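Below is protein37.cif, which holds mmCIF, C-alpha atoms.
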data_run
#
loop_
_atom_site.label_atom_id
_atom_site.label_comp_id
_atom_site.auth_asym_id
_atom_site.auth_seq_id
_atom_site.Cartn_x
_atom_site.Cartn_y
_atom_site.Cartn_z
CA THR A 358 123.87 85.58 64.58
CA VAL A 359 124.00 88.49 66.94
CA CYS A 360 125.42 90.67 64.18
CA ASP A 361 122.54 89.84 61.83
CA ALA A 362 119.91 90.65 64.43
CA MET A 363 121.66 93.84 65.43
CA ALA A 364 121.84 94.78 61.75
CA GLY A 365 118.05 94.55 61.68
CA SER A 366 117.41 91.14 60.11
CA GLY A 367 115.71 89.91 63.28
CA PRO A 368 112.29 91.05 64.52
CA VAL A 369 112.21 94.71 65.46
CA ILE A 370 110.30 95.61 68.62
CA GLN A 371 109.59 99.23 69.54
CA THR A 372 109.17 99.94 73.26
CA GLU A 373 108.64 103.25 75.03
CA LYS A 374 112.33 104.10 75.21
CA GLN A 375 114.27 101.43 73.39
CA LYS A 376 114.09 99.69 70.03
CA LEU A 377 115.24 96.10 70.29
CA SER A 378 115.49 92.72 68.68
CA TYR A 379 116.30 89.32 70.12
CA GLN A 380 118.08 86.09 69.47
CA VAL A 381 117.00 82.63 70.67
CA VAL A 382 120.25 81.18 72.05
CA THR A 383 118.64 77.74 72.49
CA ASP A 384 115.10 76.34 72.57
CA GLN A 385 116.06 72.88 73.81
CA LEU A 386 115.66 73.34 77.58
CA SER A 387 113.13 71.52 79.75
CA HIS A 388 111.41 74.01 82.09
CA PRO A 389 114.56 76.05 82.74
CA TRP A 390 114.53 77.85 86.08
CA SER A 391 117.71 79.83 86.54
CA LEU A 392 120.64 81.23 84.61
CA ALA A 393 124.19 81.94 85.80
CA PHE A 394 127.11 83.34 83.78
CA LEU A 395 130.56 81.78 84.09
CA PRO A 396 133.68 83.97 83.85
CA ASN A 397 134.55 82.57 80.39
CA GLY A 398 131.17 83.64 78.96
CA ASP A 399 129.54 80.20 79.13
CA MET A 400 126.16 79.92 80.85
CA LEU A 401 124.74 77.45 83.36
CA VAL A 402 121.01 76.75 83.23
CA SER A 403 119.06 74.75 85.80
CA GLU A 404 116.16 72.61 84.58
CA ARG A 405 113.39 71.87 87.05
CA ARG A 406 113.58 68.14 86.26
CA GLY A 407 116.94 68.09 88.06
CA GLN A 408 119.51 68.66 85.34
CA LEU A 409 122.19 71.33 85.19
CA ARG A 410 123.01 72.31 81.61
CA LEU A 411 125.93 74.15 80.06
CA VAL A 412 125.36 76.58 77.18
CA LYS A 413 128.49 77.72 75.35
CA GLU A 414 128.94 81.44 74.80
CA ASN A 415 128.32 80.92 71.09
CA GLY A 416 124.92 79.37 71.84
CA GLY A 417 125.69 75.66 71.74
CA LEU A 418 123.79 73.62 74.35
CA LEU A 419 125.94 70.69 75.48
CA ALA A 420 123.97 67.44 75.31
CA GLN A 421 125.52 66.01 78.47
CA PRO A 422 124.33 67.61 81.74
CA ILE A 423 126.79 68.60 84.46
CA SER A 424 127.33 65.57 86.73
CA GLY A 425 127.68 65.38 90.50
CA LEU A 426 124.36 66.81 91.68
CA PRO A 427 122.65 65.25 94.72
CA ALA A 428 119.29 63.44 94.52
CA ILE A 429 116.75 66.08 93.44
CA ARG A 430 113.03 65.50 93.89
CA GLN A 431 110.79 66.76 91.09
CA HIS A 432 107.65 67.30 93.13
CA GLY A 433 104.93 69.69 91.92
CA GLN A 434 106.60 73.09 91.63
CA GLY A 435 109.80 71.71 93.14
CA GLY A 436 112.93 70.41 91.46
CA LEU A 437 116.29 71.98 90.64
CA LEU A 438 115.71 75.70 91.15
CA ASP A 439 118.10 78.63 91.51
CA LEU A 440 121.81 79.01 90.80
CA ALA A 441 124.31 81.49 92.24
CA LEU A 442 128.07 81.77 91.88
CA HIS A 443 130.12 82.51 94.98
CA PRO A 444 131.38 86.14 94.86
CA GLU A 445 134.92 84.69 94.62
CA PHE A 446 133.95 82.05 92.05
CA LYS A 447 136.95 82.81 89.82
CA ASN A 448 139.21 81.64 92.65
CA ASN A 449 137.15 78.96 94.44
CA ARG A 450 134.81 77.63 91.67
CA LEU A 451 131.94 77.36 94.19
CA LEU A 452 128.45 77.07 92.69
CA TYR A 453 125.40 77.29 94.98
CA PHE A 454 122.05 75.82 93.99
CA SER A 455 118.61 75.36 95.56
CA TYR A 456 116.41 72.34 94.98
CA ALA A 457 113.59 70.21 96.37
CA GLU A 458 114.90 67.43 98.62
CA SER A 459 113.15 64.38 100.04
CA GLY A 460 113.57 63.52 103.71
CA PRO A 461 111.72 62.84 106.96
CA GLY A 462 108.29 64.50 106.77
CA GLY A 463 108.22 64.89 103.00
CA VAL A 464 109.94 67.39 100.72
CA GLY A 465 111.56 70.76 101.34
CA THR A 466 113.84 73.35 99.78
CA ALA A 467 117.54 72.74 100.34
CA VAL A 468 120.63 74.67 99.30
CA ALA A 469 123.92 72.98 98.44
CA ARG A 470 127.25 74.02 97.00
CA GLY A 471 129.99 72.29 95.06
CA ARG A 472 133.10 73.11 93.04
CA LEU A 473 132.59 73.23 89.29
CA ARG A 474 135.51 71.42 87.66
CA GLY A 475 135.07 71.01 83.95
CA HIS A 476 131.77 69.22 83.43
CA LYS A 477 131.37 68.01 87.02
CA LEU A 478 130.41 69.32 90.45
CA GLU A 479 132.77 68.04 93.14
CA GLY A 480 132.58 68.02 96.92
CA VAL A 481 128.86 68.82 97.02
CA GLU A 482 127.60 69.65 100.52
CA VAL A 483 124.18 70.77 101.75
CA ILE A 484 124.45 74.04 103.69
CA PHE A 485 120.74 74.70 104.39
CA ARG A 486 117.57 72.64 104.69
CA LEU A 487 114.06 74.00 105.17
CA SER A 488 112.55 72.61 108.35
CA PRO A 489 110.05 71.08 108.72
CA LYS A 490 109.48 69.30 105.42
CA SER A 491 105.96 68.50 104.20
CA ALA A 492 104.09 66.66 101.44
CA ALA A 493 102.86 69.92 99.85
CA ARG A 494 103.63 70.32 96.15
CA GLN A 495 103.88 74.10 95.85
CA HIS A 496 105.66 77.27 96.99
CA PHE A 497 109.28 76.16 97.32
CA GLY A 498 110.63 79.67 96.61
CA SER A 499 113.50 79.87 95.78
CA ARG A 500 116.08 82.46 94.77
CA LEU A 501 119.66 82.80 95.98
CA VAL A 502 121.52 86.11 96.14
CA PHE A 503 124.75 87.22 97.81
CA ASP A 504 124.91 90.70 99.32
CA ARG A 505 127.99 92.91 99.23
CA GLN A 506 129.19 91.48 102.56
CA GLY A 507 129.17 87.99 101.06
CA LEU A 508 126.13 86.79 103.02
CA LEU A 509 123.71 84.48 101.22
CA TYR A 510 119.96 85.18 101.14
CA ILE A 511 117.56 82.31 100.36
CA THR A 512 113.92 83.03 99.51
CA LEU A 513 111.40 80.41 100.61
CA GLY A 514 107.68 79.90 100.06
CA ASP A 515 105.02 78.98 102.61
CA ARG A 516 104.64 75.57 100.89
CA GLY A 517 100.96 76.44 100.36
CA GLU A 518 100.44 75.97 104.10
CA ARG A 519 99.62 79.56 104.94
CA PRO A 520 99.97 79.72 108.74
CA ARG A 521 103.60 78.59 108.48
CA ALA A 522 104.65 82.02 107.18
CA GLN A 523 103.88 83.52 110.62
CA GLN A 524 105.57 80.79 112.66
CA LEU A 525 109.13 81.63 113.66
CA ASP A 526 109.96 78.03 114.58
CA ASP A 527 109.39 77.18 110.90
CA HIS A 528 111.53 78.29 107.93
CA ALA A 529 108.63 78.29 105.44
CA GLY A 530 107.49 81.69 104.20
CA SER A 531 110.66 83.44 105.27
CA LEU A 532 113.79 85.05 103.87
CA ILE A 533 116.84 83.18 105.14
CA ARG A 534 120.30 84.68 105.72
CA ILE A 535 123.40 82.55 106.23
CA ASP A 536 127.11 82.91 105.50
CA ASP A 537 128.74 81.19 102.55
CA ASN A 538 129.45 78.08 104.64
CA GLY A 539 125.88 77.80 105.93
CA ARG A 540 126.54 79.25 109.38
CA VAL A 541 124.15 81.72 111.01
CA PRO A 542 125.57 85.27 111.14
CA ALA A 543 125.71 86.68 114.66
CA THR A 544 123.91 89.77 113.34
CA ASN A 545 120.76 87.84 112.31
CA PRO A 546 117.70 89.31 114.06
CA PHE A 547 116.51 86.21 115.92
CA VAL A 548 119.85 84.77 117.08
CA GLY A 549 119.61 83.60 120.69
CA ARG A 550 115.80 83.57 120.84
CA THR A 551 114.38 80.27 122.03
CA GLY A 552 112.03 78.46 119.67
CA VAL A 553 113.00 80.51 116.62
CA GLN A 554 114.86 79.34 113.53
CA PRO A 555 117.99 81.54 113.71
CA GLU A 556 118.47 81.62 109.93
CA ILE A 557 115.28 83.71 109.50
CA TYR A 558 115.94 87.29 108.40
CA SER A 559 112.33 88.35 107.65
CA TYR A 560 109.01 86.46 107.57
CA GLY A 561 105.37 86.63 106.55
CA HIS A 562 106.17 85.98 102.87
CA ARG A 563 104.02 83.85 100.55
CA ASN A 564 106.27 82.61 97.75
CA MET A 565 109.33 84.64 96.74
CA GLN A 566 110.69 83.90 93.26
CA GLY A 567 112.71 87.04 92.64
CA ALA A 568 115.64 88.59 94.51
CA ALA A 569 118.29 91.11 93.48
CA VAL A 570 120.80 93.52 95.00
CA HIS A 571 120.03 97.18 94.35
CA PRO A 572 123.13 98.56 92.59
CA GLY A 573 122.99 101.84 94.47
CA SER A 574 122.01 100.98 98.04
CA GLY A 575 123.29 97.39 98.09
CA ARG A 576 120.04 96.32 99.74
CA ILE A 577 118.22 93.13 98.83
CA TRP A 578 114.92 93.55 97.01
CA ILE A 579 112.52 90.62 96.64
CA HIS A 580 109.19 89.96 95.01
CA GLU A 581 106.64 87.35 95.93
CA HIS A 582 103.55 85.77 94.43
CA GLY A 583 100.27 86.88 95.91
CA PRO A 584 97.18 84.67 95.66
CA GLN A 585 94.57 86.07 93.25
CA GLY A 586 96.05 89.56 93.17
CA GLY A 587 98.56 90.98 95.60
CA ASP A 588 101.95 90.07 94.14
CA GLU A 589 104.41 92.24 96.07
CA ILE A 590 107.82 93.87 95.86
CA ASN A 591 109.45 94.29 99.25
CA ILE A 592 112.79 95.54 100.56
CA PRO A 593 113.11 93.19 103.53
CA GLU A 594 114.40 94.51 106.83
CA ALA A 595 115.85 92.39 109.60
CA GLY A 596 113.23 90.82 111.86
CA LYS A 597 110.25 92.45 110.13
CA ASN A 598 106.94 90.71 109.41
CA TYR A 599 105.58 91.14 105.85
CA GLY A 600 102.09 90.07 106.77
CA TRP A 601 101.15 86.93 104.84
CA PRO A 602 98.52 85.49 105.35
CA VAL A 603 97.20 88.03 107.88
CA ILE A 604 97.32 90.94 105.42
CA THR A 605 97.35 90.84 101.62
CA TYR A 606 96.10 92.72 98.58
CA GLY A 607 94.93 89.40 97.11
CA VAL A 608 91.84 87.24 97.57
CA ASN A 609 91.11 83.52 97.55
CA TYR A 610 91.33 81.79 94.17
CA GLY A 611 88.00 81.24 92.42
CA THR A 612 85.76 82.49 95.22
CA ALA A 613 87.47 85.93 95.50
CA THR A 614 86.73 85.84 99.24
CA LYS A 615 88.79 87.82 101.72
CA ILE A 616 92.03 86.42 103.17
CA GLY A 617 93.07 87.35 106.69
CA GLU A 618 92.33 90.77 108.15
CA GLY A 619 92.56 93.10 105.16
CA SER A 620 95.54 94.90 103.64
CA HIS A 621 96.99 96.73 106.67
CA LYS A 622 97.83 95.83 110.26
CA GLN A 623 100.03 97.51 112.82
CA GLY A 624 103.39 95.77 113.16
CA MET A 625 103.23 94.36 109.61
CA GLN A 626 105.06 95.88 106.66
CA GLN A 627 103.55 97.31 103.49
CA PRO A 628 105.02 96.38 100.10
CA ILE A 629 106.69 99.13 98.11
CA HIS A 630 104.71 97.95 95.06
CA TYR A 631 101.96 95.43 94.38
CA TRP A 632 100.04 94.05 91.43
CA VAL A 633 96.29 93.49 91.16
CA PRO A 634 95.61 91.41 89.15
CA SER A 635 98.60 89.15 89.74
CA ILE A 636 101.29 88.99 87.09
CA ALA A 637 102.86 85.85 88.68
CA PRO A 638 106.37 87.34 88.93
CA SER A 639 109.54 85.28 88.56
CA GLY A 640 113.12 86.44 88.13
CA MET A 641 114.35 89.93 88.91
CA VAL A 642 117.26 92.15 87.90
CA PHE A 643 118.31 95.78 88.22
CA TYR A 644 119.76 96.83 84.88
CA ASP A 645 123.03 98.74 85.26
CA GLY A 646 124.69 98.00 81.91
CA ASP A 647 125.48 100.29 79.00
CA ARG A 648 123.93 98.40 76.07
CA PHE A 649 120.41 99.69 76.82
CA PRO A 650 121.26 103.22 78.06
CA ALA A 651 117.60 104.32 78.22
CA TRP A 652 116.97 101.49 80.71
CA LYS A 653 119.87 102.10 83.06
CA GLY A 654 118.73 101.86 86.69
CA ASN A 655 115.44 100.17 85.75
CA LEU A 656 114.10 97.05 87.46
CA PHE A 657 113.02 94.09 85.32
CA VAL A 658 110.72 91.24 86.41
CA GLY A 659 109.45 88.27 84.40
CA SER A 660 105.72 87.48 84.34
CA LEU A 661 104.58 83.86 84.12
CA LYS A 662 100.87 84.61 83.93
CA PHE A 663 100.90 87.38 81.32
CA ARG A 664 103.90 85.97 79.43
CA GLN A 665 105.75 89.26 79.45
CA LEU A 666 108.67 91.24 80.80
CA VAL A 667 107.84 94.08 83.17
CA ARG A 668 110.11 97.15 83.20
CA MET A 669 109.92 99.55 86.14
CA GLU A 670 111.42 103.01 86.63
CA LEU A 671 112.49 104.02 90.13
CA GLU A 672 112.84 107.17 92.16
CA GLY A 673 114.76 106.10 95.21
CA ASP A 674 112.81 103.17 96.65
CA ARG A 675 109.60 104.08 94.81
CA ILE A 676 108.40 102.57 91.56
CA VAL A 677 107.07 105.47 89.51
CA HIS A 678 106.40 103.92 86.09
CA GLU A 679 105.78 100.46 84.67
CA GLU A 680 105.97 99.19 81.09
CA ARG A 681 104.87 95.74 79.90
CA LEU A 682 107.17 94.34 77.20
CA LEU A 683 107.21 91.31 74.89
CA THR A 684 103.69 90.16 75.80
CA ASP A 685 103.11 86.69 74.29
CA GLU A 686 106.36 86.99 72.34
CA PHE A 687 108.02 84.01 74.06
CA GLY A 688 105.81 82.43 76.74
CA ARG A 689 106.07 82.25 80.53
CA ILE A 690 109.16 84.19 81.60
CA ARG A 691 110.80 82.37 84.51
CA ASP A 692 114.10 84.22 84.89
CA VAL A 693 115.62 87.52 83.78
CA ARG A 694 119.34 88.30 84.10
CA GLN A 695 121.90 90.81 82.96
CA GLY A 696 124.85 89.21 81.23
CA PRO A 697 128.48 90.29 81.60
CA ASP A 698 128.10 91.66 78.05
CA GLY A 699 125.49 94.15 79.31
CA LEU A 700 122.65 92.40 77.46
CA ILE A 701 119.44 91.10 79.05
CA TYR A 702 118.73 87.36 79.02
CA LEU A 703 115.43 85.57 79.60
CA LEU A 704 114.41 81.97 80.31
CA THR A 705 110.95 80.63 79.40
CA ASP A 706 109.17 78.03 81.53
CA GLU A 707 108.08 75.58 78.84
CA ASP A 708 108.59 71.94 77.82
CA GLU A 709 110.85 73.34 75.11
CA GLY A 710 112.12 76.25 77.12
CA LYS A 711 114.14 79.01 75.54
CA LEU A 712 117.18 81.03 76.50
CA ILE A 713 116.74 84.43 74.84
CA ARG A 714 119.18 87.30 74.43
CA LEU A 715 117.68 90.79 73.99
CA LEU A 716 119.61 93.02 71.57
CA PRO A 717 119.53 96.82 71.40
CA LEU A 718 118.79 98.53 68.11
CA ASP A 719 119.55 102.17 67.45
CA ASN A 720 116.53 104.36 68.12
CA ASP A 721 115.62 106.33 65.01
#
Could you take the file, read its structure, and then write that structure out as structure tokens?
Amino acid sequence: TVCDAMAGSGPVIQTEKQKLSYQVVTDQLSHPWSLAFLPNGDMLVSERRGQLRLVKENGGLLAQPISGLPAIRQHGQGGLLDLALHPEFKNNRLLYFSYAESGPGGVGTAVARGRLRGHKLEGVEVIFRLSPKSAARQHFGSRLVFDRQGLLYITLGDRGERPRAQQLDDHAGSLIRIDDNGRVPATNPFVGRTGVQPEIYSYGHRNMQGAAVHPGSGRIWIHEHGPQGGDEINIPEAGKNYGWPVITYGVNYGTATKIGEGSHKQGMQQPIHYWVPSIAPSGMVFYDGDRFPAWKGNLFVGSLKFRQLVRMELEGDRIVHEERLLTDEFGRIRDVRQGPDGLIYLLTDEDEGKLIRLLPLDND
């Protein structure tokens, strides 16, 4: 139980600033991708294979998945991906989710929403579809985050087809911004430009699998996978080009040969932080709870490659210190979230994936 672990019967882990333990809430998930907290304390977990699972607040995983989802294509890295509750979920019960969808031209990332009633999604409608689709099996993105104005940001990958990230008539490799109904906000940077997908907010991204709202500024922060090296954290600005694949801090897999034109080019943005070698980042949260006071204001990112949690300290928009936590403790960390209880939750990307709750212990 939580009480036992907090009393010290669980494993004790000493980090730079915080002593902690953990509890495995469930280890019966198939490649879980995203975690969302319902107002009653229950948790929704997406599984890449296309199932939406309900975990009770006390840790019980319901055997029966949530029904009512559309046809989801499990295709390479694609499947059922991110989850986000509408900001007014308590009143409207609207759940948003991203997934890989089959259609003319192949497969692409789509975003749909439906009303969660009991154990069923009702009235499901697709509000965004990546265009054009392709047969590629990788780089679907895809995180969903609402800003404080209630606009929805959708992170997309380049589908492994690099030039697409620089093509404004193509959604791939871009950050999308729409309203909660799927309409294009009039304030989007490319509205009214011929031959441009109007949902694009920023472009030149490789494969973004982390997005979060900064608790102070309210701005969206994202991170994206680099190739061999060059994972990036960016604070996207409207209409800006983030360079992929023209500039990168990474190199080609295996051969380590140069990609594009180097790491800088006029008119293309620099990341605020990058990793060489790659950590393969996934999931992202700013911690603003009270249960881990030493970590307040820190940024947390999961690492698939190094099987760890990365903690970063900030000064304004600069990352000034990084700590690697829990290396090889659990496996590939796919998502990291802060619960309404102020605790930190992790999902592991495994056949028998885990939902893990981190627990603070008193520092001696």
Residue neighbourhood range 418-424 of chain A, 6 Å, all atoms listed in the file, exclusion window fewer than 6 positions, as a VMD selection string
chain A and resid 409 to 412 476 to 477
Selection file, C-alpha atoms, as a JSON list (two decimals), in the coordinates of the input:
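Final file, part.json:
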[["chain", "number", "residue", "atom", "x", "y", "z"],
["A", 409, "LEU", "CA", 122.19, 71.33, 85.19],
["A", 410, "ARG", "CA", 123.01, 72.31, 81.61],
["A", 411, "LEU", "CA", 125.93, 74.15, 80.06],
["A", 412, "VAL", "CA", 125.36, 76.58, 77.18],
["A", 476, "HIS", "CA", 131.77, 69.22, 83.43],
["A", 477, "LYS", "CA", 131.37, 68.01, 87.02]]
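Nearest residue to Leu671 in chain A, choosing from A:Gln506, A:Pro555, A:Glu709, A:His571 and counting only C-alpha atoms: A:His571.
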Spatial neighbours of range 529-543 of chain A, max dist 8 Å, only C-alpha atoms, sep filter under 5 positions, as a count of residues only:
29
Can you pull out the residues contacting Val402 in chain A? Cut-off 12 Å, using all atoms listed in the file, and skip same-chain residues under 5 positions away; I want them as an MDAnalysis selection string.
chainID A and resid 383 385:395 407:413 418:419 422:423 437:441 454 691:692 694 702:705 710:712
Just to confirm, what's the straight-line distance from CA of Leu478 in chain A to CA of Gly465 in chain A in Å (one decimal)?
21.8 Å
Pairwise distance for CA of Met565 in chain A and CA of Leu700 in chain A, rounded to one decimal in Å:
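Value for the CA of Met565 in chain A-CA of Leu700 in chain A distance: 24.7 Å.
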To one decimal place in Å, what is the distance between CA of Ser403 in chain A and CA of Ser459 in chain A?
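CA of Ser403 in chain A sits 18.6 Å away from CA of Ser459 in chain A.
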Contacts of Val483 in chain A at 10 Å (all atoms listed in the file; same-chain gap of 5+ positions) as a PyMOL selection string:
chain A and resi 427+453-455+467-471+538-539
Using all atoms listed in the file - which residues lie no farther than 10 Å from the point (112.1, 66.9, 102.0) in the file's frame? Write them as a compact mmCIF listing (two decimals) with C-alpha atoms, keeping the file's coordinate frame.
# COMPACT_ATOMS: atom_id res chain seq x y z
CA ILE A 429 116.75 66.08 93.44
CA ARG A 430 113.03 65.50 93.89
CA HIS A 432 107.65 67.30 93.13
CA TYR A 456 116.41 72.34 94.98
CA ALA A 457 113.59 70.21 96.37
CA GLU A 458 114.90 67.43 98.62
CA SER A 459 113.15 64.38 100.04
CA GLY A 460 113.57 63.52 103.71
CA PRO A 461 111.72 62.84 106.96
CA GLY A 462 108.29 64.50 106.77
CA GLY A 463 108.22 64.89 103.00
CA VAL A 464 109.94 67.39 100.72
CA GLY A 465 111.56 70.76 101.34
CA THR A 466 113.84 73.35 99.78
CA ALA A 467 117.54 72.74 100.34
CA ARG A 486 117.57 72.64 104.69
CA LEU A 487 114.06 74.00 105.17
CA SER A 488 112.55 72.61 108.35
CA PRO A 489 110.05 71.08 108.72
CA LYS A 490 109.48 69.30 105.42
CA SER A 491 105.96 68.50 104.20
CA ALA A 492 104.09 66.66 101.44
CA ALA A 493 102.86 69.92 99.85
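Of the listed residues A:Gln371, A:Gln380, A:Thr614, A:Ser574, the one whose atoms come nearest to Phe687 in chain A is A:Gln380, with distances taken using all atoms listed in the file.
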For the PyMOL selection byres ((chain A and resi 525) around 7), applied here, can you spell out every residue it catches as JSON, numbers by chain?
{"A": [523, 524, 526, 527, 553, 554]}
Residues near range 600-607 of chain A, cut-off 12 Å, all atoms listed in the file, skip fewer than 2 positions along chain, as JSON, numbers by chain:
{"A": [514, 515, 517, 518, 519, 520, 521, 522, 523, 524, 529, 530, 531, 559, 560, 561, 562, 563, 564, 565, 581, 582, 583, 584, 585, 586, 587, 588, 589, 591, 593, 597, 598, 609, 610, 611, 612, 613, 614, 615, 616, 617, 618, 619, 620, 621, 622, 623, 624, 625, 626, 627, 628, 630, 631, 632, 633, 634, 635, 636]}
Best match for closeness to Arg505 in chain A among A:Ile690, A:Ala569, A:Ile370, A:Leu473, counting all atoms listed in the file:
A:Ala569
For a quick check of understanding, using all atoms listed in the file, which of A:Gly433, A:Gly549, A:Asn449, A:Glu373 has the smallest distance to Glu670 in chain A?
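Closest residue, counting all atoms listed in the file: A:Glu373.
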In file coordinates, which residues lie within 6 Å of (109.9, 89.2, 94.0) using all atoms listed in the file, given as a list in words?
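All residues meeting the 6 Å criterion around (109.9, 89.2, 94.0) are Met565, Gln566, Gly567, Ala568, Ile579, His580, Glu581 and Ile590 of chain A.
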The PyMOL selection byres ((chain A and resi 699) around 6) applied to the shown file, residues as JSON, numbers by chain
{"A": [646, 648, 696, 697, 698, 700]}
Taking the file above as input, evaluate the PyMOL selection byres ((chain A and resi 414) around 7) and report the hits as an MDAnalysis selection string.
chainID A and resid 398:400 412:413 415:416
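Using all atoms listed in the file, the shortest contact distance between Val481 in chain A and any of A:Leu452, A:Leu377, A:Val608, A:Arg714 is found at A:Leu452.
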